[in-house]
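So this one's work_33.txt, compact mmCIF, C-alpha atoms and all ligand atoms:
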```
# COMPACT_ATOMS: atom_id res chain seq x y z
CA MET O 273 -2.89 -29.86 -12.73
CA ARG O 274 -5.90 -28.73 -10.69
CA GLU O 275 -8.94 -27.49 -12.62
CA MET O 276 -9.93 -24.94 -9.99
CA ARG O 277 -7.57 -22.07 -9.26
CA ILE O 278 -6.97 -20.27 -6.01
CA PRO O 279 -6.42 -16.76 -7.36
CA PHE O 280 -4.29 -14.26 -5.48
CA GLY O 281 -7.11 -11.73 -5.14
CA THR O 282 -10.85 -11.39 -5.52
CA ILE O 283 -13.28 -8.56 -6.09
CA THR O 284 -16.63 -8.02 -4.39
CA ILE O 285 -19.08 -5.91 -6.34
CA THR O 286 -22.15 -5.29 -4.21
CA ASP O 287 -25.70 -4.51 -5.33
CA LYS O 288 -25.28 -1.09 -3.78
CA SER O 289 -22.20 -0.43 -5.97
CA LYS O 290 -24.15 -1.49 -9.06
CA LYS O 291 -27.00 0.85 -8.13
CA LEU O 292 -24.65 3.77 -7.55
CA ILE O 293 -22.77 3.10 -10.79
CA LEU O 294 -26.05 3.05 -12.71
CA ASP O 295 -27.03 6.31 -11.04
CA CYS O 296 -23.74 7.90 -12.19
CA LEU O 297 -24.22 6.62 -15.72
CA GLU O 298 -27.82 7.79 -15.93
CA LYS O 299 -26.97 11.24 -14.61
CA GLY O 300 -23.81 11.48 -16.72
CA ARG O 301 -21.87 12.37 -13.56
CA ILE O 302 -18.59 10.49 -13.86
CA SER O 303 -15.74 12.68 -12.68
CA GLY O 304 -15.08 13.00 -8.95
CA GLY O 305 -18.11 14.33 -7.06
CA LYS O 306 -20.42 13.29 -4.23
CA TYR O 307 -19.50 9.58 -4.17
CA VAL O 308 -15.78 10.31 -4.08
CA HIS O 309 -16.44 12.75 -1.24
CA GLU O 310 -18.55 10.18 0.65
CA PHE O 311 -15.89 7.52 0.11
CA GLU O 312 -13.22 9.86 1.50
CA GLU O 313 -15.30 10.72 4.57
CA ARG O 314 -16.06 7.09 5.38
CA PHE O 315 -12.50 5.95 4.74
CA ALA O 316 -11.07 8.63 7.06
CA ASP O 317 -13.54 7.55 9.69
CA ILE O 318 -12.59 3.87 9.45
CA ILE O 319 -8.86 4.57 9.78
CA GLY O 320 -9.45 7.21 12.45
CA ALA O 321 -7.99 10.19 10.60
CA LYS O 322 -9.43 13.69 10.12
CA GLU O 323 -9.16 13.71 6.36
CA ALA O 324 -8.77 11.38 3.40
CA VAL O 325 -7.90 12.36 -0.17
CA ALA O 326 -8.70 9.86 -2.93
CA VAL O 327 -6.45 9.47 -5.97
CA SER O 328 -5.98 7.12 -8.94
CA SER O 329 -3.62 4.52 -7.43
CA GLY O 330 -1.59 3.54 -4.40
CA THR O 331 1.51 4.70 -6.24
CA ASP O 332 -0.07 8.15 -6.63
CA ALA O 333 -0.99 8.08 -2.94
CA ASP O 334 2.69 7.55 -2.02
CA THR O 335 3.89 10.09 -4.58
CA LEU O 336 1.49 12.86 -3.61
CA ALA O 337 2.05 12.36 0.11
CA LEU O 338 5.78 12.87 -0.52
CA ALA O 339 5.20 15.76 -2.93
CA VAL O 340 3.56 17.65 -0.03
CA LEU O 341 7.12 18.08 1.30
CA HIS O 342 7.78 20.72 -1.38
CA ASP O 343 5.29 23.00 0.35
CA ILE O 344 7.12 22.74 3.66
CA GLY O 345 10.63 23.58 2.57
CA ALA O 346 12.01 20.50 0.78
CA GLN O 347 14.15 21.01 -2.31
CA ARG O 348 14.11 18.79 -5.38
CA GLY O 349 16.73 16.07 -4.94
CA ASP O 350 16.43 15.99 -1.14
CA GLU O 351 16.46 12.56 0.45
CA VAL O 352 13.70 10.21 1.55
CA ILE O 353 14.51 7.05 3.51
CA THR O 354 12.72 3.94 2.34
CA PRO O 355 13.04 0.15 2.75
CA ALA O 356 15.09 -1.74 0.17
CA LEU O 357 12.37 -4.41 0.12
CA SER O 358 8.89 -3.31 -0.88
CA PHE O 359 6.69 -3.37 -3.91
CA VAL O 360 8.63 -1.34 -6.47
CA ALA O 361 6.08 1.50 -6.30
CA THR O 362 7.43 2.72 -2.94
CA GLY O 363 10.81 3.45 -4.51
CA SER O 364 9.34 4.83 -7.73
CA ALA O 365 7.12 7.21 -5.75
CA VAL O 366 10.14 8.83 -4.10
CA LEU O 367 11.60 9.57 -7.54
CA HIS O 368 8.24 10.67 -9.01
CA ALA O 369 7.89 13.16 -6.17
CA GLY O 370 11.28 14.66 -7.06
CA PHE O 371 13.41 13.16 -4.29
CA THR O 372 16.36 10.80 -3.95
CA PRO O 373 15.52 7.43 -2.38
CA ILE O 374 17.90 6.35 0.36
CA PHE O 375 17.37 2.64 0.72
CA VAL O 376 17.78 0.81 4.03
CA ASP O 377 17.91 -2.95 4.40
CA ILE O 378 15.16 -4.81 6.21
CA ASP O 379 14.99 -6.76 9.44
CA PRO O 380 14.57 -10.33 8.15
CA GLU O 381 12.30 -11.19 11.09
CA THR O 382 9.70 -8.58 10.14
CA LEU O 383 10.34 -8.00 6.40
CA ASN O 384 10.20 -4.28 7.23
CA ILE O 385 12.78 -1.49 7.32
CA ASP O 386 15.36 -2.17 10.04
CA PRO O 387 14.88 0.77 12.44
CA ASP O 388 18.43 0.38 13.80
CA ARG O 389 19.88 1.29 10.41
CA ILE O 390 17.84 4.45 9.81
CA GLU O 391 19.81 7.05 11.78
CA LYS O 392 23.06 6.04 10.07
CA VAL O 393 21.78 7.30 6.71
CA ILE O 394 20.27 10.61 7.87
CA THR O 395 21.97 13.66 6.34
CA LYS O 396 21.26 17.40 6.15
CA ARG O 397 19.14 16.68 3.09
CA THR O 398 16.90 14.00 4.64
CA ARG O 399 13.26 15.13 4.70
CA ALA O 400 11.13 12.04 5.27
CA ILE O 401 10.89 8.34 6.03
CA ILE O 402 8.43 6.15 4.15
CA PRO O 403 8.22 2.77 5.87
CA THR O 404 6.15 0.05 4.21
CA HIS O 405 4.08 -2.29 6.37
CA LEU O 406 4.89 -5.22 4.13
CA MET O 407 2.23 -7.94 3.92
CA GLY O 408 0.28 -6.08 6.60
CA LYS O 409 2.99 -6.55 9.25
CA PRO O 410 3.40 -3.23 11.09
CA ALA O 411 6.82 -1.61 10.78
CA ALA O 412 8.59 -0.59 14.01
CA MET O 413 6.61 2.64 14.32
CA ASP O 414 7.71 3.61 17.86
CA GLN O 415 11.33 3.76 16.79
CA ILE O 416 10.59 5.29 13.39
CA ILE O 417 8.45 8.08 14.86
CA ALA O 418 11.02 8.78 17.59
CA ILE O 419 13.80 9.11 14.99
CA ALA O 420 11.58 11.30 12.79
CA LYS O 421 10.77 13.62 15.72
CA LYS O 422 14.43 13.90 16.71
CA HIS O 423 15.50 14.83 13.17
CA LYS O 424 12.35 16.78 12.19
CA LEU O 425 11.38 14.38 9.42
CA VAL O 426 7.95 13.68 8.01
CA VAL O 427 6.67 10.09 8.21
CA VAL O 428 4.57 8.79 5.34
CA GLU O 429 3.32 5.26 5.97
CA ASP O 430 3.03 3.07 2.90
CA ALA O 431 -0.04 1.25 4.16
CA ALA O 432 -0.99 -0.18 0.76
CA GLU O 433 -1.01 -3.69 2.21
CA ALA O 434 -1.97 -2.85 5.78
CA TYR O 435 -5.76 -2.65 6.00
CA GLY O 436 -6.84 -3.86 9.40
CA ALA O 437 -3.29 -3.79 10.79
CA LYS O 438 -2.86 -2.42 14.30
CA TYR O 439 0.17 -1.31 16.25
CA ARG O 440 -0.20 -0.93 20.02
CA GLY O 441 -3.95 -0.59 19.56
CA ASN O 442 -3.77 2.06 16.84
CA ASN O 443 -4.68 1.67 13.21
CA ILE O 444 -1.78 1.49 10.80
CA GLY O 445 -1.97 4.45 8.44
CA ALA O 446 -2.97 6.82 11.22
CA LEU O 447 0.39 6.79 13.04
CA GLY O 448 2.59 8.86 10.73
CA ASP O 449 1.96 12.33 9.30
CA MET O 450 0.22 10.72 6.35
CA GLY O 451 -0.81 7.16 5.48
CA ALA O 452 -1.04 6.01 1.86
CA PHE O 453 -3.29 3.10 0.87
CA SER O 454 -3.77 1.27 -2.43
CA LEU O 455 -7.29 0.44 -3.62
CA TYR O 456 -6.06 -1.85 -6.36
CA VAL O 457 -8.22 -4.90 -7.03
CA ALA O 458 -6.08 -7.36 -5.02
CA HIS O 459 -6.30 -5.20 -1.90
CA ILE O 460 -8.77 -5.44 0.96
CA ILE O 461 -10.85 -2.43 -0.03
CA THR O 462 -10.89 -1.84 -3.75
CA THR O 463 -12.15 0.71 -6.21
CA GLY O 464 -10.77 -1.33 -9.14
CA GLU O 465 -7.80 0.98 -9.41
CA GLY O 466 -7.25 3.71 -6.85
CA GLY O 467 -5.44 5.00 -3.83
CA ILE O 468 -6.13 7.21 -0.82
CA ILE O 469 -4.09 9.25 1.63
CA VAL O 470 -5.23 9.80 5.21
CA THR O 471 -3.97 12.56 7.49
CA ASP O 472 -4.89 14.58 10.57
CA ASN O 473 -3.14 17.60 9.09
CA THR O 474 -5.74 19.75 7.31
CA GLN O 475 -3.03 21.80 5.58
CA PHE O 476 -1.55 18.62 4.11
CA ALA O 477 -5.02 17.49 2.98
CA GLU O 478 -5.54 20.81 1.14
CA ILE O 479 -2.17 20.48 -0.57
CA LEU O 480 -3.02 16.90 -1.56
CA ARG O 481 -6.31 18.04 -3.12
CA SER O 482 -4.41 20.65 -5.10
CA LEU O 483 -1.69 18.18 -6.13
CA ARG O 484 -4.14 15.61 -7.50
CA ALA O 485 -5.69 18.27 -9.73
CA HIS O 486 -2.65 19.80 -11.46
CA GLY O 487 -1.60 21.93 -8.49
CA ARG O 488 -4.59 24.25 -8.78
CA VAL O 489 -5.34 26.94 -6.26
CA CYS O 490 -8.80 25.73 -5.29
CA LYS O 491 -8.75 22.80 -2.91
CA CYS O 492 -12.04 22.71 -1.02
CA LYS O 493 -12.88 19.51 0.77
CA GLN O 494 -16.22 19.41 -1.02
CA CYS O 495 -16.24 21.12 -4.40
CA ILE O 496 -19.60 22.72 -4.94
CA SER O 497 -19.09 22.88 -8.72
CA ASN O 498 -18.45 19.13 -8.89
CA ILE O 499 -21.14 18.04 -6.49
CA ASN O 500 -24.17 20.06 -7.44
CA SER O 501 -22.90 21.63 -10.66
CA GLY O 502 -23.46 24.70 -8.51
CA PHE O 503 -21.98 28.17 -8.74
CA CYS O 504 -18.88 28.68 -6.61
CA GLU O 505 -18.73 32.10 -4.98
CA ASN O 506 -15.00 31.75 -4.39
CA ARG O 507 -13.87 31.25 -7.94
CA PHE O 508 -13.20 34.92 -8.57
CA SER O 509 -12.22 35.80 -5.02
CA ASN O 510 -8.61 36.19 -6.05
CA GLY O 511 -8.97 39.67 -7.47
CA GLU O 512 -7.06 40.40 -10.65
CA LYS O 513 -5.40 37.00 -10.72
CA GLY O 514 -8.66 35.51 -12.00
CA ASP O 515 -10.50 32.18 -11.67
CA ILE O 516 -8.88 30.07 -8.92
CA ARG O 517 -9.91 26.91 -10.76
CA PHE O 518 -7.41 27.79 -13.45
CA LEU O 519 -4.59 29.14 -11.34
CA PHE O 520 -1.85 26.63 -10.55
CA GLU O 521 0.35 27.30 -7.54
CA ARG O 522 2.47 24.12 -7.36
CA ILE O 523 3.68 21.41 -9.74
CA GLY O 524 0.78 19.01 -9.69
CA TYR O 525 -0.31 15.65 -11.02
CA SER O 526 -3.48 14.44 -12.70
CA CYS O 527 -4.70 11.56 -10.60
CA LYS O 528 -8.22 12.11 -9.35
CA MET O 529 -10.57 9.27 -8.47
CA ASN O 530 -13.82 9.12 -10.44
CA GLU O 531 -17.41 8.43 -9.31
CA LEU O 532 -17.59 4.90 -10.75
CA GLU O 533 -14.50 3.87 -8.78
CA ALA O 534 -15.84 5.48 -5.60
CA ALA O 535 -19.16 3.64 -6.09
CA LEU O 536 -17.28 0.33 -6.14
CA GLY O 537 -15.39 1.34 -3.01
CA LEU O 538 -18.52 2.42 -1.12
CA GLY O 539 -19.99 -1.06 -1.57
CA ASN O 540 -16.75 -2.58 -0.28
CA LEU O 541 -16.72 -0.34 2.79
CA ASP O 542 -20.12 -1.70 3.82
CA LEU O 543 -18.48 -5.13 4.05
CA TYR O 544 -15.15 -3.99 5.49
CA ASP O 545 -15.42 -5.73 8.88
CA GLU O 546 -16.79 -8.91 7.34
CA ILE O 547 -14.05 -9.08 4.67
CA LEU O 548 -11.36 -8.33 7.21
CA GLU O 549 -12.56 -11.00 9.60
CA LYS O 550 -12.70 -13.70 6.92
CA ARG O 551 -9.23 -12.81 5.64
CA TYR O 552 -7.76 -12.66 9.12
CA HIS O 553 -9.24 -16.07 9.89
CA ASN O 554 -7.61 -17.46 6.72
CA LEU O 555 -4.28 -15.88 7.54
CA ARG O 556 -4.26 -17.23 11.11
CA SER O 557 -5.32 -20.68 9.96
CA ILE O 558 -2.47 -20.80 7.40
CA MET O 559 0.08 -19.43 9.90
CA GLU O 560 -0.88 -22.09 12.41
CA LYS O 561 -0.68 -25.02 9.97
CA PHE O 562 2.52 -23.67 8.46
CA LYS O 563 4.43 -24.46 11.66
CA ASP O 564 4.82 -28.05 10.37
CA PHE O 565 6.96 -26.78 7.49
CA SER O 566 9.48 -24.77 9.45
CA THR O 567 12.43 -27.04 8.54
CA TYR O 568 12.65 -25.51 5.09
CA LEU O 569 10.27 -22.53 5.13
CA TRP O 570 10.03 -19.37 7.20
CA THR O 571 7.12 -17.03 7.79
CA PHE O 572 6.50 -14.00 9.99
CA LYS O 573 5.10 -13.96 13.56
CA GLU O 574 2.37 -11.85 15.07
CA GLU O 575 3.60 -10.09 18.22
CA SER O 576 1.36 -9.42 21.23
CA TYR O 577 1.39 -5.63 20.60
CA GLU O 578 0.27 -5.85 17.00
CA ARG O 579 -2.27 -7.23 14.63
CA ILE O 580 -1.14 -8.18 11.16
CA GLY O 581 -3.38 -6.86 8.39
CA PRO O 582 -4.51 -9.92 6.40
CA HIS O 583 -3.23 -8.85 2.99
CA ALA O 584 -1.55 -12.14 1.99
CA PHE O 585 0.56 -14.97 3.35
CA PRO O 586 4.33 -14.56 2.88
CA PHE O 587 6.92 -17.31 3.23
CA VAL O 588 10.59 -17.71 2.45
CA VAL O 589 12.66 -20.74 1.41
CA LYS O 590 15.40 -21.21 4.00
CA LYS O 591 19.07 -21.80 3.22
CA GLY O 592 19.79 -25.51 2.69
CA ALA O 593 16.28 -26.44 1.51
CA PRO O 594 16.32 -29.22 -1.13
CA PHE O 595 14.46 -27.02 -3.63
CA THR O 596 14.52 -23.48 -4.96
CA ARG O 597 11.87 -20.80 -4.62
CA ASP O 598 11.20 -20.91 -8.35
CA GLU O 599 10.73 -24.69 -8.35
CA LEU O 600 8.22 -24.38 -5.52
CA MET O 601 6.38 -21.50 -7.17
CA LEU O 602 6.12 -23.35 -10.44
CA TYR O 603 4.76 -26.40 -8.63
CA LEU O 604 2.16 -24.34 -6.78
CA GLU O 605 1.09 -22.71 -10.04
CA HIS O 606 0.65 -26.20 -11.55
CA GLN O 607 -1.52 -27.08 -8.56
CA GLY O 608 -3.72 -24.07 -9.37
CA ILE O 609 -2.38 -21.95 -6.52
CA ASP O 610 -1.61 -18.43 -7.63
CA ALA O 611 1.83 -17.68 -6.16
CA ARG O 612 3.80 -14.44 -6.34
CA THR O 613 7.35 -13.56 -5.46
CA LEU O 614 7.78 -11.54 -2.29
CA PHE O 615 9.00 -8.55 -4.32
CA SER O 616 12.68 -7.65 -4.68
CA SER O 617 15.40 -5.42 -3.40
CA ILE O 618 14.33 -2.26 -5.23
CA PRO O 619 17.82 -0.72 -5.58
CA THR O 620 19.65 -3.87 -6.67
CA GLN O 621 17.09 -6.23 -8.19
CA CYS O 622 14.83 -3.79 -10.05
CA GLY O 623 16.54 -2.70 -13.28
CA GLY O 624 15.01 0.78 -13.36
CA PHE O 625 16.98 1.76 -10.27
CA GLU O 626 20.39 0.77 -11.64
CA PHE O 627 21.23 4.38 -12.39
CA LEU O 628 21.47 5.04 -8.63
CA GLY O 629 24.66 2.96 -8.60
CA HIS O 630 23.91 0.34 -5.93
CA LYS O 631 25.35 -3.13 -6.36
CA ILE O 632 24.22 -6.64 -5.42
CA GLY O 633 25.36 -7.31 -1.86
CA ASP O 634 24.45 -3.82 -0.60
CA PHE O 635 21.09 -5.03 0.81
CA PRO O 636 21.64 -8.71 1.66
CA TYR O 637 18.39 -9.37 3.55
CA ALA O 638 16.18 -7.68 0.96
CA GLU O 639 18.06 -9.50 -1.79
CA TYR O 640 17.62 -12.85 -0.05
CA ILE O 641 13.85 -12.32 0.08
CA GLY O 642 13.99 -11.16 -3.54
CA ARG O 643 15.40 -14.55 -4.52
CA HIS O 644 13.62 -16.81 -2.01
CA GLY O 645 10.32 -15.18 -1.01
CA ILE O 646 6.77 -16.09 -2.07
CA HIS O 647 3.30 -14.86 -1.17
CA ILE O 648 -0.14 -16.31 -1.76
CA GLY O 649 -3.68 -14.97 -1.31
CA VAL O 650 -5.75 -15.18 1.89
CA HIS O 651 -8.75 -13.32 0.49
CA HIS O 652 -12.35 -13.79 1.54
CA ASP O 653 -13.15 -16.29 -1.22
CA VAL O 654 -10.39 -18.63 -0.03
CA ASN O 655 -11.96 -21.42 2.10
CA GLU O 656 -10.76 -24.29 4.29
CA LYS O 657 -10.77 -26.66 1.32
CA ASP O 658 -8.41 -24.34 -0.56
CA ILE O 659 -6.16 -24.09 2.48
CA ASP O 660 -6.07 -27.89 2.81
CA TRP O 661 -5.22 -28.14 -0.88
CA PHE O 662 -2.33 -25.72 -0.42
CA PHE O 663 -0.92 -27.74 2.47
CA SER O 664 -1.33 -31.14 0.84
CA SER O 665 0.38 -29.76 -2.28
CA LEU O 666 3.20 -28.36 -0.17
CA ARG O 667 3.59 -31.63 1.72
CA ASN O 668 3.74 -33.69 -1.50
CA PHE O 669 6.24 -31.32 -3.07
CA ILE O 670 8.58 -31.39 -0.08
CA LYS O 671 8.33 -35.17 0.30
CA ALA O 672 9.27 -35.66 -3.35
CA ARG O 673 12.21 -33.25 -3.02
CA GLU O 674 13.51 -34.81 0.16
CA TYR O 675 13.79 -38.23 -1.47
CA ARG O 676 15.14 -37.03 -4.78
C1 LIG U 701 3.56 -1.69 -0.63
C2 LIG U 701 2.88 -1.14 -1.86
N1 LIG U 701 3.02 0.17 -2.14
C3 LIG U 701 2.43 0.72 -3.20
C4 LIG U 701 1.65 -0.02 -4.06
C5 LIG U 701 1.09 0.61 -5.27
O1 LIG U 701 -0.31 0.55 -5.35
P1 LIG U 701 -1.03 0.61 -6.78
O2 LIG U 701 -0.83 -0.69 -7.45
O3 LIG U 701 -2.46 0.88 -6.41
O4 LIG U 701 -0.41 1.75 -7.54
C6 LIG U 701 1.46 -1.38 -3.81
C7 LIG U 701 0.62 -2.17 -4.72
O5 LIG U 701 0.25 -3.26 -4.59
C8 LIG U 701 2.10 -1.95 -2.68
O6 LIG U 701 1.97 -3.27 -2.41
```
Represent the structure from my file as structure tokens, please.
Ligand SMILES: Cc1ncc(COP(=O)(O)O)c(C=O)c1O
Amino acid sequence: MREMRIPFGTITITDKSKKLILDCLEKGRISGGKYVHEFEERFADIIGAKEAVAVSSGTDADTLALAVLHDIGAQRGDEVITPALSFVATGSAVLHAGFTPIFVDIDPETLNIDPDRIEKVITKRTRAIIPTHLMGKPAAMDQIIAIAKKHKLVVVEDAAEAYGAKYRGNNIGALGDMGAFSLYVAHIITTGEGGIIVTDNTQFAEILRSLRAHGRVCKCKQCISNINSGFCENRFSNGEKGDIRFLFERIGYSCKMNELEAALGLGNLDLYDEILEKRYHNLRSIMEKFKDFSTYLWTFKEESYERIGPHAFPFVVKKGAPFTRDELMLYLEHQGIDARTLFSSIPTQCGGFEFLGHKIGDFPYAEYIGRHGIHIGVHHDVNEKDIDWFFSSLRNFIKAREYR
């Protein structure tokens, strides 16, 4: 057993973040205000979107983005198309937003929703598609957007794992109608816990600001009451209906980001390019060296028209390998290498979704990954020595299994 561990994720807390957090604590200004606003502005700018709306988690980001559909004609129970393989939150979000998830199997070469299967499941009740860019690998956005346009569907990108990912020169997250990111601690930009939705649609951004705060009527981009504890002229502009801060015009959620979280995130944004570069270097280095293991293990490829966002390194145990995924994972854990499964088929391998009535065999590719997939960290504190340790461990494990 190795003393040192290679953890899946890492967190960078900068001096600037500490200073901002202290400032919040000293002023007693904790709930969302100027730092959340600044974080939103800078995040939107980085992704190349007009607006960004910060929330409490990536799951909330997915949920709220989908809940916007209620304002543009969707009915509760309408359908949202989503990949069978993703982190479970993508499927949960569809249900939390009041819709029925329609799962589609993946393309095993990309780990993402198979675009050729999408049109077959579109019905009169389909309202949206939420592709995930799993492990930072861009989904087939050209085809997805073309299908969405043809059938008048909204596209919400689950970009939780896709910081730094590009598709035909464009940033992932800025291609669909909305892009939802997670700011959870293992992700490339973190606020500890958190999420953020980007969009070019100012109406959607207003709805999102209302949704994160219980569905209230007021939804200014910069709330004067929260930022300067100032008086808001608009609060009683609604005539007899009363204070717009306490009028609720849609079914909302309570998932605002607070100032302490935004302060953490602002420090991270200062290092965004640096973090991204280090992680991408690690990912490419692992992908290159991994070619020697292709007899028993598969990983994804980077195509010329894309850049994979360096979230993590995924690999899959091939059929006929002389070991199981779980044996390999256990071995890696013993070697101090934090290893995770590559998620599961949400409809058939995640118990909470049983009530939808799918059965094992309905999503064979997603299920295969669910039983044979692994991912490990490529974060900015992983160095060449760690990478060498991973490969020597892998080599020793395989050698021992081959001669068993
Ligand atoms: C693809 C995907 N979607 C959604 C989420 C949910 O994000 P959070 O954990 O911030 O709720 C995650 C989390 O890791 C994720 O990987």
All residues having an atom within 6 Å of ligand LIG 701 (chain U) (all atoms listed in the file) as JSON, numbers by chain: {"O": [329, 330, 331, 358, 359, 361, 362, 404, 430, 432, 433, 454, 455, 456, 466, 467]}
One-decimal distance in Å that lies between CA of Ala584 in chain O and CA of Val650 in chain O: 5.2 Å
Exercise: Tyr577 in chain O partners within 8 Å, only C-alpha atoms, chain neighbours under 2 positions left out, as number ranges by chain: O: 439-441, 575, 579
Using all atoms listed in the file: which of O:Cys490, O:Leu604, O:Ile646, O:Leu541 has the shortest distance to Lys590 in chain O: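 For Lys590 in chain O, the nearest of the given residues is O:Ile646.
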Shell of 9 Å around Arg667 in chain O, all atoms listed in the file, local chain residues under 5 positions omitted, as a PyMOL selection string: chain O and resi 565+662+672
Nearest to Val360 in chain O, chosen from O:Gly633, O:Pro410, O:Gly623, O:Gly649, with only C-alpha atoms counted in the distances: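 So, comparing all the options, the nearest one is O:Gly623.
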Proximity to Glu478 in chain O - best of O:Glu656, O:Glu323, O:Glu313, O:Asp634, all atoms listed in the file: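 Result for the nearest residue to Glu478 in chain O: O:Glu323.
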Separation of CA of Met601 in chain O from CA of Glu578 in chain O in Å: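 According to the coordinates, CA of Glu578 in chain O and CA of Met601 in chain O are separated by 29.4 Å.
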Residues within 9 Å of range 567-574 of chain O, only C-alpha atoms, excluding chain neighbours under 6 positions, as an MDAnalysis selection string: chainID O and resid 381:383 409 559 580 585:594 670
